[in-house]
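Listing of query-v9.csv; format and content: CSV, C-alpha atoms.
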```csv
chain,number,residue,atom,x,y,z
A,13,MET,CA,33.3,95.6,249.1
A,14,LYS,CA,32.1,95.1,252.7
A,15,PHE,CA,35.8,94.8,253.6
A,16,LEU,CA,36.7,98.2,252.1
A,17,LYS,CA,35.8,100.2,255.1
A,18,PHE,CA,38.0,98.0,257.3
A,19,LEU,CA,40.9,98.4,254.9
A,20,LEU,CA,40.5,102.2,255.0
A,21,VAL,CA,40.3,102.2,258.8
A,22,GLY,CA,43.4,100.1,258.9
A,23,ILE,CA,45.3,102.4,256.6
A,24,PHE,CA,44.3,105.4,258.7
A,25,PHE,CA,45.3,103.6,261.9
A,26,GLY,CA,48.7,102.8,260.4
A,27,ILE,CA,49.3,106.4,259.3
A,28,VAL,CA,48.2,107.8,262.7
A,29,LEU,CA,50.5,105.5,264.7
A,30,VAL,CA,53.5,106.2,262.6
A,31,LYS,CA,53.0,110.0,262.6
A,32,SER,CA,52.3,110.1,266.3
A,33,GLU,CA,55.5,108.1,266.8
A,34,ALA,CA,53.6,105.6,269.0
A,35,VAL,CA,55.2,102.8,267.0
A,36,SER,CA,58.7,104.0,268.1
A,37,TRP,CA,60.7,101.8,270.4
A,38,TYR,CA,62.2,105.0,271.8
A,39,ARG,CA,58.9,106.5,272.7
A,40,ILE,CA,57.9,103.4,274.6
A,41,PHE,CA,61.2,103.5,276.5
A,42,GLU,CA,60.7,107.2,277.2
A,43,MET,CA,57.2,106.5,278.5
A,44,PHE,CA,58.3,103.8,280.9
A,45,LYS,CA,61.0,106.2,282.1
A,46,PHE,CA,58.4,108.9,282.7
A,47,GLN,CA,60.5,111.3,280.8
A,48,SER,CA,57.9,112.8,278.5
A,49,PHE,CA,54.2,113.5,278.4
A,50,HIS,CA,53.9,112.5,274.8
A,51,MET,CA,52.6,108.9,275.1
A,52,TYR,CA,50.5,109.7,278.1
A,53,GLY,CA,48.9,112.6,276.2
A,54,ILE,CA,48.1,110.2,273.3
A,55,ILE,CA,46.6,107.4,275.4
A,56,GLY,CA,45.0,109.9,277.9
A,57,SER,CA,43.3,111.9,275.2
A,58,ALA,CA,42.2,108.8,273.3
A,59,VAL,CA,40.7,107.3,276.4
A,60,GLY,CA,39.1,110.6,277.5
A,61,LEU,CA,37.3,111.0,274.2
A,62,GLY,CA,36.6,107.3,274.0
A,63,ILE,CA,34.8,107.5,277.4
A,64,LEU,CA,32.8,110.5,276.3
A,65,PHE,CA,31.7,109.2,272.9
A,66,LEU,CA,31.0,105.6,274.0
A,67,TRP,CA,28.8,107.1,276.7
A,68,LEU,CA,27.1,109.3,274.1
A,69,PHE,CA,26.6,106.3,271.8
A,70,LYS,CA,24.8,104.5,274.5
A,71,LYS,CA,22.9,107.5,275.8
A,72,LEU,CA,21.6,108.3,272.3
A,73,LYS,CA,21.1,104.7,271.4
A,74,VAL,CA,23.2,105.0,268.3
A,75,LYS,CA,22.9,102.1,266.0
A,76,SER,CA,25.8,100.5,264.2
A,77,VAL,CA,25.9,100.2,260.4
A,78,GLU,CA,24.5,96.7,260.9
A,79,GLY,CA,21.4,98.3,262.5
A,80,LYS,CA,22.1,96.8,265.9
A,81,GLU,CA,22.6,98.7,269.1
A,82,ILE,CA,26.2,99.5,270.0
A,83,PHE,CA,27.4,96.8,272.3
A,84,LEU,CA,30.9,96.1,273.6
A,85,PRO,CA,31.3,92.6,275.0
A,86,PRO,CA,32.3,92.9,278.7
A,87,LYS,CA,35.5,91.1,279.8
A,88,ASP,CA,35.1,88.2,282.2
A,89,ARG,CA,35.6,89.0,285.8
A,90,GLY,CA,38.9,88.0,287.3
A,91,PHE,CA,42.1,89.3,288.6
A,92,VAL,CA,45.0,86.9,288.2
A,93,ARG,CA,44.8,86.6,284.4
A,94,TYR,CA,44.7,90.3,283.9
A,95,MET,CA,47.5,91.1,286.4
A,96,LEU,CA,49.8,88.2,285.4
A,97,GLY,CA,49.0,88.3,281.7
A,98,GLY,CA,49.3,92.1,281.7
A,99,THR,CA,52.7,91.9,283.3
A,100,ILE,CA,54.0,89.3,280.9
A,101,PHE,CA,52.7,91.5,278.0
A,102,GLY,CA,54.3,94.6,279.5
A,103,LEU,CA,57.7,92.9,279.7
A,104,GLY,CA,57.5,92.0,276.0
A,105,TRP,CA,56.1,95.4,275.1
A,106,ALA,CA,59.0,97.3,276.6
A,107,LEU,CA,61.6,95.0,275.1
A,108,ALA,CA,60.2,94.9,271.6
A,109,GLY,CA,59.0,98.5,271.8
A,110,ALA,CA,55.9,97.3,269.9
A,111,CYS,CA,52.6,95.9,270.8
A,112,PRO,CA,50.5,93.9,268.3
A,113,GLY,CA,49.2,96.8,266.3
A,114,PRO,CA,52.5,98.5,265.8
A,115,MET,CA,54.2,95.2,264.9
A,116,TYR,CA,52.2,95.0,261.7
A,117,ILE,CA,52.5,98.7,261.0
A,118,LEU,CA,56.3,98.6,261.4
A,119,LEU,CA,56.5,95.8,259.0
A,120,GLY,CA,54.8,98.2,256.5
A,121,THR,CA,57.5,100.8,257.2
A,122,GLY,CA,60.0,98.4,255.9
A,123,VAL,CA,61.4,96.8,259.1
A,124,PHE,CA,61.3,93.2,258.0
A,125,SER,CA,63.1,91.9,261.1
A,126,MET,CA,59.7,92.5,262.7
A,127,LEU,CA,58.6,89.3,261.0
A,128,ILE,CA,60.6,87.4,263.7
A,129,VAL,CA,58.7,89.3,266.5
A,130,ILE,CA,55.4,88.6,264.8
A,131,THR,CA,56.2,84.9,264.3
A,132,ALA,CA,57.3,84.6,268.0
A,133,ALA,CA,54.1,86.4,269.1
A,134,ILE,CA,52.0,83.9,267.1
A,135,LEU,CA,53.9,81.1,268.8
A,136,GLY,CA,53.3,82.8,272.2
A,137,THR,CA,49.6,82.9,271.6
A,138,PHE,CA,49.7,79.3,270.4
A,139,THR,CA,51.5,78.2,273.6
A,140,TYR,CA,48.9,80.0,275.7
A,141,GLY,CA,46.1,78.2,273.8
A,142,VAL,CA,47.7,74.9,274.5
A,143,ILE,CA,48.4,75.3,278.2
A,144,LYS,CA,45.4,77.6,278.9
A,145,SER,CA,43.6,75.0,281.2
A,146,LYS,CA,46.7,74.7,283.4
A,147,LEU,CA,47.0,78.4,284.1
A,148,PRO,CA,45.3,80.3,286.9
A,149,HIS,CA,42.7,82.7,285.6
B,26,MET,CA,50.8,120.1,253.8
B,27,GLU,CA,53.7,121.1,256.0
B,28,PHE,CA,51.9,120.0,259.2
B,29,LEU,CA,51.1,116.6,257.7
B,30,LEU,CA,54.7,115.8,257.0
B,31,GLN,CA,55.9,116.8,260.5
B,32,PRO,CA,55.5,114.5,263.4
B,33,TRP,CA,51.9,114.8,264.8
B,34,PRO,CA,51.5,116.1,268.4
B,35,TRP,CA,49.8,114.0,271.0
B,36,TYR,CA,46.6,116.2,271.0
B,37,THR,CA,46.0,115.3,267.3
B,38,SER,CA,47.1,111.7,267.5
B,39,GLY,CA,45.2,110.6,270.6
B,40,PRO,CA,41.8,111.9,269.3
B,41,LEU,CA,42.5,110.2,266.0
B,42,ILE,CA,43.1,106.9,267.7
B,43,ALA,CA,39.8,107.3,269.6
B,44,LEU,CA,38.2,107.9,266.1
B,45,VAL,CA,39.6,104.5,264.9
B,46,MET,CA,38.2,102.8,267.9
B,47,LEU,CA,34.8,104.5,267.6
B,48,LEU,CA,34.6,103.8,263.8
B,49,LEU,CA,35.2,100.0,264.5
B,50,VAL,CA,32.5,100.1,267.2
B,51,TYR,CA,30.2,101.9,264.8
B,52,PHE,CA,30.9,99.2,262.2
B,53,GLY,CA,29.6,96.7,264.8
B,54,LYS,CA,33.1,95.4,265.7
B,55,THR,CA,35.7,96.2,268.3
B,56,PHE,CA,39.2,97.5,268.3
B,57,GLY,CA,41.6,94.7,269.2
B,58,MET,CA,44.7,94.0,267.3
B,59,SER,CA,46.0,91.0,269.3
B,60,SER,CA,42.9,88.9,268.4
B,61,ASN,CA,44.5,88.5,265.0
B,62,LEU,CA,47.3,86.4,266.5
B,63,ARG,CA,44.7,83.9,267.6
B,64,THR,CA,43.0,84.0,264.3
B,65,LEU,CA,46.3,83.3,262.5
B,66,CYS,CA,46.8,80.3,264.9
B,67,ALA,CA,43.3,79.0,263.9
B,68,ILE,CA,44.0,79.4,260.2
B,69,GLY,CA,47.3,77.6,260.6
B,70,GLY,CA,45.5,74.6,262.0
B,71,GLY,CA,45.9,75.3,265.7
B,72,GLY,CA,42.5,73.8,266.4
B,73,LYS,CA,44.2,70.3,266.1
B,74,TYR,CA,46.2,71.1,269.2
B,75,ALA,CA,43.9,73.2,271.4
B,76,ASP,CA,40.2,73.9,271.5
B,77,PHE,CA,41.0,77.5,272.0
B,78,PHE,CA,41.7,77.7,268.3
B,79,ASN,CA,38.5,75.9,267.3
B,80,PHE,CA,36.3,78.8,266.3
B,81,ASP,CA,34.9,80.2,263.2
B,82,TRP,CA,37.9,82.4,262.2
B,83,LYS,CA,36.1,83.4,259.0
B,84,ALA,CA,34.0,85.7,261.2
B,85,TYR,CA,37.2,87.6,262.1
B,86,ARG,CA,38.4,88.2,258.5
B,87,TRP,CA,37.5,91.8,258.8
B,88,ASN,CA,40.1,92.2,261.5
B,89,LEU,CA,42.8,90.7,259.3
B,90,VAL,CA,41.8,93.3,256.7
B,91,VAL,CA,42.4,96.0,259.3
B,92,VAL,CA,45.9,94.5,259.8
B,93,LEU,CA,46.5,94.6,256.0
B,94,GLY,CA,45.4,98.2,256.0
B,95,ALA,CA,47.7,99.0,258.9
B,96,ILE,CA,50.7,97.6,257.0
B,97,ILE,CA,49.8,99.7,254.0
B,98,GLY,CA,49.3,102.7,256.3
B,99,GLY,CA,52.7,102.2,257.7
B,100,PHE,CA,54.2,102.2,254.2
B,101,ILE,CA,52.3,105.3,253.2
B,102,ALA,CA,53.3,107.2,256.3
B,103,VAL,CA,57.0,106.7,255.9
B,104,THR,CA,57.1,106.9,252.1
B,105,PHE,CA,54.8,109.9,251.4
B,106,LEU,CA,54.1,111.6,254.7
B,107,SER,CA,57.5,112.0,256.3
B,108,ASP,CA,60.0,114.8,256.4
B,109,GLY,CA,62.7,112.6,257.8
B,110,SER,CA,62.9,114.6,261.0
B,111,ASN,CA,64.4,113.0,264.2
B,112,ILE,CA,62.0,111.9,267.0
B,113,ALA,CA,61.9,114.8,269.5
B,114,LEU,CA,62.7,112.7,272.5
B,115,SER,CA,63.4,114.2,275.9
B,116,PRO,CA,67.1,115.0,276.4
B,117,ASP,CA,67.0,112.7,279.5
B,118,THR,CA,65.9,109.8,277.4
B,119,ILE,CA,68.6,110.4,274.8
B,120,SER,CA,71.4,110.6,277.5
B,121,ASP,CA,70.1,107.5,279.3
B,122,LEU,CA,70.1,105.5,276.0
B,123,THR,CA,73.5,106.9,275.0
B,124,ALA,CA,74.8,105.7,278.4
B,125,LEU,CA,73.4,102.2,277.6
B,126,GLY,CA,75.4,102.2,274.3
B,127,PHE,CA,72.7,103.3,271.8
B,128,ASP,CA,73.9,105.5,268.9
B,129,ASN,CA,71.8,107.9,266.8
B,130,VAL,CA,69.0,107.8,269.3
B,131,GLY,CA,65.7,108.9,267.6
B,132,ALA,CA,67.1,109.1,264.1
B,133,THR,CA,64.8,106.2,263.1
B,134,LEU,CA,61.6,104.8,264.5
B,135,LEU,CA,63.5,101.7,265.9
B,136,PRO,CA,67.0,101.4,267.3
B,137,GLN,CA,69.5,99.7,264.9
B,138,GLU,CA,71.0,98.1,268.0
B,139,ILE,CA,67.9,95.8,268.2
B,140,TYR,CA,66.3,95.7,264.7
B,141,SER,CA,69.1,95.9,262.1
B,142,TRP,CA,69.9,92.6,260.4
B,143,ASP,CA,73.5,92.8,261.6
B,144,ASN,CA,72.3,92.5,265.2
B,145,VAL,CA,69.3,90.3,264.5
B,146,LEU,CA,71.5,87.6,263.0
B,147,SER,CA,73.6,87.2,266.2
B,148,PHE,CA,72.4,84.7,268.9
B,149,LYS,CA,71.8,87.5,271.4
B,150,GLY,CA,70.0,89.6,268.8
B,151,ILE,CA,67.6,87.0,267.6
B,152,SER,CA,66.9,85.8,271.2
B,153,ILE,CA,65.8,89.3,272.2
B,154,LEU,CA,63.3,89.5,269.3
B,155,VAL,CA,62.0,86.0,269.9
B,156,ILE,CA,61.6,86.4,273.6
B,157,ALA,CA,60.0,89.8,273.2
B,158,GLY,CA,57.5,88.6,270.6
B,159,PHE,CA,56.7,85.5,272.6
B,160,LEU,CA,56.0,87.5,275.8
B,161,VAL,CA,53.7,89.8,273.9
B,162,GLY,CA,51.8,87.0,272.2
B,163,PHE,CA,51.5,84.9,275.3
B,164,GLY,CA,50.8,87.8,277.7
B,165,THR,CA,48.2,89.5,275.5
B,166,ARG,CA,46.1,86.4,275.2
B,167,TYR,CA,46.4,85.5,278.8
B,168,ALA,CA,45.3,89.0,279.7
B,169,GLY,CA,42.6,88.9,277.1
B,170,GLY,CA,43.7,91.9,275.1
B,171,CYS,CA,46.5,94.4,274.3
B,172,THR,CA,47.0,98.1,274.2
B,173,SER,CA,44.1,98.6,271.7
B,174,GLY,CA,41.7,96.2,273.4
B,175,HIS,CA,42.4,97.0,277.0
B,176,ALA,CA,44.1,100.4,277.3
B,177,ILE,CA,42.0,102.1,274.6
B,178,THR,CA,38.7,100.2,274.3
B,179,GLY,CA,38.4,98.7,277.7
B,180,LEU,CA,39.3,101.8,279.6
B,181,SER,CA,37.0,103.9,277.4
B,182,ASN,CA,34.2,101.4,278.3
B,183,LEU,CA,35.1,101.8,282.0
B,184,GLN,CA,35.8,98.0,282.4
B,185,LEU,CA,37.6,97.1,285.6
B,186,PRO,CA,39.4,94.0,284.1
B,187,SER,CA,41.0,96.4,281.6
B,188,LEU,CA,42.3,98.7,284.3
B,189,ILE,CA,43.9,95.7,286.1
B,190,ALA,CA,45.5,94.6,282.8
B,191,VAL,CA,46.8,98.1,282.1
B,192,ILE,CA,48.3,98.2,285.5
B,193,GLY,CA,49.9,94.9,284.7
B,194,PHE,CA,51.2,96.3,281.4
B,195,PHE,CA,53.0,99.0,283.4
B,196,ILE,CA,54.4,96.7,286.0
B,197,GLY,CA,55.9,94.6,283.3
B,198,GLY,CA,57.1,97.6,281.3
B,199,LEU,CA,58.7,99.2,284.3
B,200,ILE,CA,60.5,96.1,285.3
B,201,MET,CA,61.9,95.6,281.8
B,202,THR,CA,62.9,99.3,281.2
B,203,HIS,CA,64.4,99.9,284.7
B,204,PHE,CA,65.9,96.6,285.6
B,205,LEU,CA,66.2,94.1,282.7
B,206,LEU,CA,67.2,96.3,279.7
B,207,PRO,CA,70.3,97.8,281.3
```

If you convert what's in this file into structure tokens, what do you get?
Amino acid sequence: MKFLKFLLVGIFFGIVLVKSEAVSWYRIFEMFKFQSFHMYGIIGSAVGLGILFLWLFKKLKVKSVEGKEIFLPPKDRGFVRYMLGGTIFGLGWALAGACPGPMYILLGTGVFSMLIVITAAILGTFTYGVIKSKLPH
Amino acid sequence: MEFLLQPWPWYTSGPLIALVMLLLVYFGKTFGMSSNLRTLCAIGGGGKYADFFNFDWKAYRWNLVVVLGAIIGGFIAVTFLSDGSNIALSPDTISDLTALGFDNVGATLLPQEIYSWDNVLSFKGISILVIAGFLVGFGTRYAGGCTSGHAITGLSNLQLPSLIAVIGFFIGGLIMTHFLLP
């Protein structure tokens, strides 16, 4: 039963991303062409509220359901991995029109050819794991 | 009910995505969808090939449950919460894509030109999906996160690495959309 809340959050996430059209290849293309405010509005309002509420969580010392203080693990310092990895990710994002979350969600909408993209993404992550030590970070 | 069935505007969707992130933080976890790709590698025995996959993946089962939910959510949204309306894309986007040879732009979530089986089962078609997926999977782990982990969570937490990664996302996306896709 401890997994039930995660299942419900996942279902909610899937519905929101379909109804917002953020899972649409066309919306991603439109975003990278700067032809609509839609995606910027979604990401911008999510981040704006995210900043506000994470700040409030910390300010009010809100405890998680596990009774611990809210803590988000900081990312390691660095530049090359974020810039280079981010760029590689961006190339794939714009081509597939889907990032990891939407890949699963689109599978649920009945696009089974997405399984090929997901399999290739797993292979990509696997390849990174294997050659990690040879890459600049 | 009517407003539920229509596409949701950005000012509803964005705050609801923030809610997803905040709920996961409140549950003592974080919002990061691409981590599941690493978990799946570990489950599949990737630890034999790289230490990167030697970790206690059972501790991340909750995230796979989020993925399962997301798949179900996608099904629910198109089956019960859709009025079948076209995506209200900007007219410029539609004319740009039509010029590139796309038909029925915005009639479905994804273009048939890329995702229909007819196209997928050609050498070019399958190459596009495999290359795209590989770049996403490789890039997201190299960068340490994807749209959910960096753009939503990382920026909300005012983390500089996430800002660098998001700038990278856009450099890659702009190169693909403006130079490679045509």

Practice task
Have a look at CA of Phe148 in chain B and CA of Pro207 in chain B and let me know their distance in Å, one decimal.
Solution key: 18.2 Å

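The interatomic distance for the pair CA of Glu78 in chain A and CA of Phe15 in chain A works out to 13.6 Å.
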
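For the set B:Asp117, B:Glu138, B:Asp143, B:Asp128, the residue with the smallest atom-to-atom gap to chain A is B:Asp117, counting all atoms listed in the file.
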
Practice task
Select, counting all atoms listed in the file, all protein, DNA and RNA residues no farther than 7 Å from (49.2, 85.0, 278.7) in file coordinates, and express the selection as an MDAnalysis selection string.
Solution key: (chainID A and resid 97 100 140) or (chainID B and resid 163:168)

Write the residues of the selection above to a file with C-alpha atoms, as a compact mmCIF listing (two decimals), in the coordinates of the input.
```txt
# COMPACT_ATOMS: atom_id res chain seq x y z
CA GLY A 97 49.00 88.30 281.70
CA ILE A 100 54.00 89.30 280.90
CA TYR A 140 48.90 80.00 275.70
CA PHE B 163 51.50 84.90 275.30
CA GLY B 164 50.80 87.80 277.70
CA THR B 165 48.20 89.50 275.50
CA ARG B 166 46.10 86.40 275.20
CA TYR B 167 46.40 85.50 278.80
CA ALA B 168 45.30 89.00 279.70
```

Problem - Exercise: Leu199 in chain B partners within 9 Å, all atoms listed in the file, chain neighbours under 2 positions left out, as a PyMOL selection string - result: (chain A and resi 44-45+102-103+106) or (chain B and resi 194-197+201-204)

Practice task
Could you tell me how far CA of Gly60 in chain A lies from CA of Ile177 in chain B, in Å and to one decimal?
Solution key: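 Calculated distance between CA of Gly60 in chain A and CA of Ile177 in chain B is 9.4 Å.
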
Practice task
Identify which of the residues B:Gln184, B:Leu160, B:Leu205, B:Lys54 lies closest to Leu96 in chain A, counting only C-alpha atoms when measuring atom-to-atom distances.
Solution key: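 Result for the nearest residue to Leu96 in chain A: B:Leu160.
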
Fill in the blank from the handout: The residue from A:Ala133, A:Leu66, A:Val28, A:Val142 with the smallest atom-to-atom distance to Phe101 in chain A, counting all atoms listed in the file, is A:Ala133

Handout entry: Closest of A:Ser125, A:Asp88, A:Ile117, A:Glu33 to Ile153 in chain B - atom-to-atom distances counting all atoms listed in the file
Key =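 Result for the nearest residue to Ile153 in chain B: A:Ser125.
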
Practice task
Determine the nearest neighbour of Tyr94 in chain A from the options A:Leu61, A:His149, A:Phe18, A:Ile27, counting all atoms listed in the file.
Solution key: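 That would be A:His149, the residue with the smallest distance to Tyr94 in chain A.
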
Practice task
Would you list the contacts of Gly122 in chain A as a PyMOL selection string, taking every protein, DNA or RNA residue within 12 Å and counting all atoms listed in the file, but skipping same-chain residues closer than 3 positions in sequence?
Solution key: (chain A and resi 115-119+125-127) or (chain B and resi 96-104+133-135+140-141)

Problem - Nearest candidate to Val74 in chain A (options B:Gly158, B:Gly150, B:Gly174, B:Gly53; using only C-alpha atoms) - result: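 Closest candidate: B:Gly53.
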
Handout entry: Lys31 in chain A surroundings by only C-alpha atoms, 9 Å radius, close-in-sequence under 5 positions cut, as a list in words
Key =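 Listing them by chain and then by number gives Gly26 of chain A; Leu29, Leu30, Gln31, Pro32, Trp33, Pro34, Ser38, Ala102, Val103, Leu106 and Ser107 of chain B.
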
Just-selected residues, C-alpha atoms written as a CSV table (one decimal), in the coordinates of the input:
```csv
chain,number,residue,atom,x,y,z
A,26,GLY,CA,48.7,102.8,260.4
B,29,LEU,CA,51.1,116.6,257.7
B,30,LEU,CA,54.7,115.8,257.0
B,31,GLN,CA,55.9,116.8,260.5
B,32,PRO,CA,55.5,114.5,263.4
B,33,TRP,CA,51.9,114.8,264.8
B,34,PRO,CA,51.5,116.1,268.4
B,38,SER,CA,47.1,111.7,267.5
B,102,ALA,CA,53.3,107.2,256.3
B,103,VAL,CA,57.0,106.7,255.9
B,106,LEU,CA,54.1,111.6,254.7
B,107,SER,CA,57.5,112.0,256.3
```

Mind rebuilding range 39-67 of chain A with N, CA and C atoms and writing that out as a PDB file, keeping the file's coordinate frame?
```pdb
ATOM      1  N   ARG A  39      59.978 105.896 271.947  1.00  0.00           N
ATOM      2  CA  ARG A  39      58.900 106.500 272.700  1.00  0.00           C
ATOM      3  C   ARG A  39      58.340 105.665 273.787  1.00  0.00           C
ATOM      4  N   ILE A  40      58.388 104.341 273.585  1.00  0.00           N
ATOM      5  CA  ILE A  40      57.900 103.400 274.600  1.00  0.00           C
ATOM      6  C   ILE A  40      58.911 103.446 275.802  1.00  0.00           C
ATOM      7  N   PHE A  41      60.201 103.443 275.473  1.00  0.00           N
ATOM      8  CA  PHE A  41      61.200 103.500 276.500  1.00  0.00           C
ATOM      9  C   PHE A  41      61.064 104.813 277.317  1.00  0.00           C
ATOM     10  N   GLU A  42      60.868 105.911 276.592  1.00  0.00           N
ATOM     11  CA  GLU A  42      60.700 107.200 277.200  1.00  0.00           C
ATOM     12  C   GLU A  42      59.465 107.235 278.141  1.00  0.00           C
ATOM     13  N   MET A  43      58.398 106.565 277.666  1.00  0.00           N
ATOM     14  CA  MET A  43      57.200 106.500 278.500  1.00  0.00           C
ATOM     15  C   MET A  43      57.415 105.769 279.782  1.00  0.00           C
ATOM     16  N   PHE A  44      58.074 104.604 279.690  1.00  0.00           N
ATOM     17  CA  PHE A  44      58.300 103.800 280.900  1.00  0.00           C
ATOM     18  C   PHE A  44      59.345 104.468 281.820  1.00  0.00           C
ATOM     19  N   LYS A  45      60.072 105.448 281.290  1.00  0.00           N
ATOM     20  CA  LYS A  45      61.000 106.200 282.100  1.00  0.00           C
ATOM     21  C   LYS A  45      60.338 107.471 282.671  1.00  0.00           C
ATOM     22  N   PHE A  46      59.104 107.701 282.318  1.00  0.00           N
ATOM     23  CA  PHE A  46      58.400 108.900 282.700  1.00  0.00           C
ATOM     24  C   PHE A  46      59.093 110.186 282.337  1.00  0.00           C
ATOM     25  N   GLN A  47      59.723 110.176 281.143  1.00  0.00           N
ATOM     26  CA  GLN A  47      60.500 111.300 280.800  1.00  0.00           C
ATOM     27  C   GLN A  47      59.841 112.267 279.776  1.00  0.00           C
ATOM     28  N   SER A  48      58.630 111.918 279.372  1.00  0.00           N
ATOM     29  CA  SER A  48      57.900 112.800 278.500  1.00  0.00           C
ATOM     30  C   SER A  48      56.416 112.583 278.618  1.00  0.00           C
ATOM     31  N   PHE A  49      55.664 113.620 278.313  1.00  0.00           N
ATOM     32  CA  PHE A  49      54.200 113.500 278.400  1.00  0.00           C
ATOM     33  C   PHE A  49      53.608 112.924 277.153  1.00  0.00           C
ATOM     34  N   HIS A  50      54.404 112.842 276.084  1.00  0.00           N
ATOM     35  CA  HIS A  50      53.900 112.500 274.800  1.00  0.00           C
ATOM     36  C   HIS A  50      52.957 111.277 274.731  1.00  0.00           C
ATOM     37  N   MET A  51      53.451 110.110 275.164  1.00  0.00           N
ATOM     38  CA  MET A  51      52.600 108.900 275.100  1.00  0.00           C
ATOM     39  C   MET A  51      51.422 108.963 276.046  1.00  0.00           C
ATOM     40  N   TYR A  52      51.639 109.597 277.204  1.00  0.00           N
ATOM     41  CA  TYR A  52      50.500 109.700 278.100  1.00  0.00           C
ATOM     42  C   TYR A  52      49.441 110.638 277.572  1.00  0.00           C
ATOM     43  N   GLY A  53      49.892 111.660 276.838  1.00  0.00           N
ATOM     44  CA  GLY A  53      48.900 112.600 276.200  1.00  0.00           C
ATOM     45  C   GLY A  53      48.129 111.818 275.132  1.00  0.00           C
ATOM     46  N   ILE A  54      48.806 110.976 274.353  1.00  0.00           N
ATOM     47  CA  ILE A  54      48.100 110.200 273.300  1.00  0.00           C
ATOM     48  C   ILE A  54      47.085 109.268 273.920  1.00  0.00           C
ATOM     49  N   ILE A  55      47.552 108.428 274.857  1.00  0.00           N
ATOM     50  CA  ILE A  55      46.600 107.400 275.400  1.00  0.00           C
ATOM     51  C   ILE A  55      45.550 108.135 276.245  1.00  0.00           C
ATOM     52  N   GLY A  56      45.945 109.160 277.019  1.00  0.00           N
ATOM     53  CA  GLY A  56      45.000 109.900 277.900  1.00  0.00           C
ATOM     54  C   GLY A  56      43.894 110.542 277.042  1.00  0.00           C
ATOM     55  N   SER A  57      44.280 111.239 275.965  1.00  0.00           N
ATOM     56  CA  SER A  57      43.300 111.900 275.200  1.00  0.00           C
ATOM     57  C   SER A  57      42.396 110.936 274.404  1.00  0.00           C
ATOM     58  N   ALA A  58      43.006 109.820 273.975  1.00  0.00           N
ATOM     59  CA  ALA A  58      42.200 108.800 273.300  1.00  0.00           C
ATOM     60  C   ALA A  58      41.177 108.201 274.232  1.00  0.00           C
ATOM     61  N   VAL A  59      41.606 107.891 275.464  1.00  0.00           N
ATOM     62  CA  VAL A  59      40.700 107.300 276.400  1.00  0.00           C
ATOM     63  C   VAL A  59      39.619 108.303 276.860  1.00  0.00           C
ATOM     64  N   GLY A  60      40.038 109.554 277.093  1.00  0.00           N
ATOM     65  CA  GLY A  60      39.100 110.600 277.500  1.00  0.00           C
ATOM     66  C   GLY A  60      37.966 110.752 276.488  1.00  0.00           C
ATOM     67  N   LEU A  61      38.350 110.887 275.215  1.00  0.00           N
ATOM     68  CA  LEU A  61      37.300 111.000 274.200  1.00  0.00           C
ATOM     69  C   LEU A  61      36.548 109.739 273.987  1.00  0.00           C
ATOM     70  N   GLY A  62      37.253 108.601 274.166  1.00  0.00           N
ATOM     71  CA  GLY A  62      36.600 107.300 274.000  1.00  0.00           C
ATOM     72  C   GLY A  62      35.475 107.163 275.072  1.00  0.00           C
ATOM     73  N   ILE A  63      35.770 107.554 276.317  1.00  0.00           N
ATOM     74  CA  ILE A  63      34.800 107.500 277.400  1.00  0.00           C
ATOM     75  C   ILE A  63      33.555 108.347 277.013  1.00  0.00           C
ATOM     76  N   LEU A  64      33.849 109.581 276.593  1.00  0.00           N
ATOM     77  CA  LEU A  64      32.800 110.500 276.300  1.00  0.00           C
ATOM     78  C   LEU A  64      31.883 109.999 275.132  1.00  0.00           C
ATOM     79  N   PHE A  65      32.516 109.549 274.047  1.00  0.00           N
ATOM     80  CA  PHE A  65      31.700 109.200 272.900  1.00  0.00           C
ATOM     81  C   PHE A  65      31.009 107.806 273.067  1.00  0.00           C
ATOM     82  N   LEU A  66      31.662 106.856 273.764  1.00  0.00           N
ATOM     83  CA  LEU A  66      31.000 105.600 274.000  1.00  0.00           C
ATOM     84  C   LEU A  66      29.736 105.840 274.903  1.00  0.00           C
ATOM     85  N   TRP A  67      29.889 106.759 275.856  1.00  0.00           N
ATOM     86  CA  TRP A  67      28.800 107.100 276.700  1.00  0.00           C
ATOM     87  C   TRP A  67      27.652 107.765 275.883  1.00  0.00           C
TER      88      TRP A  67
END
```
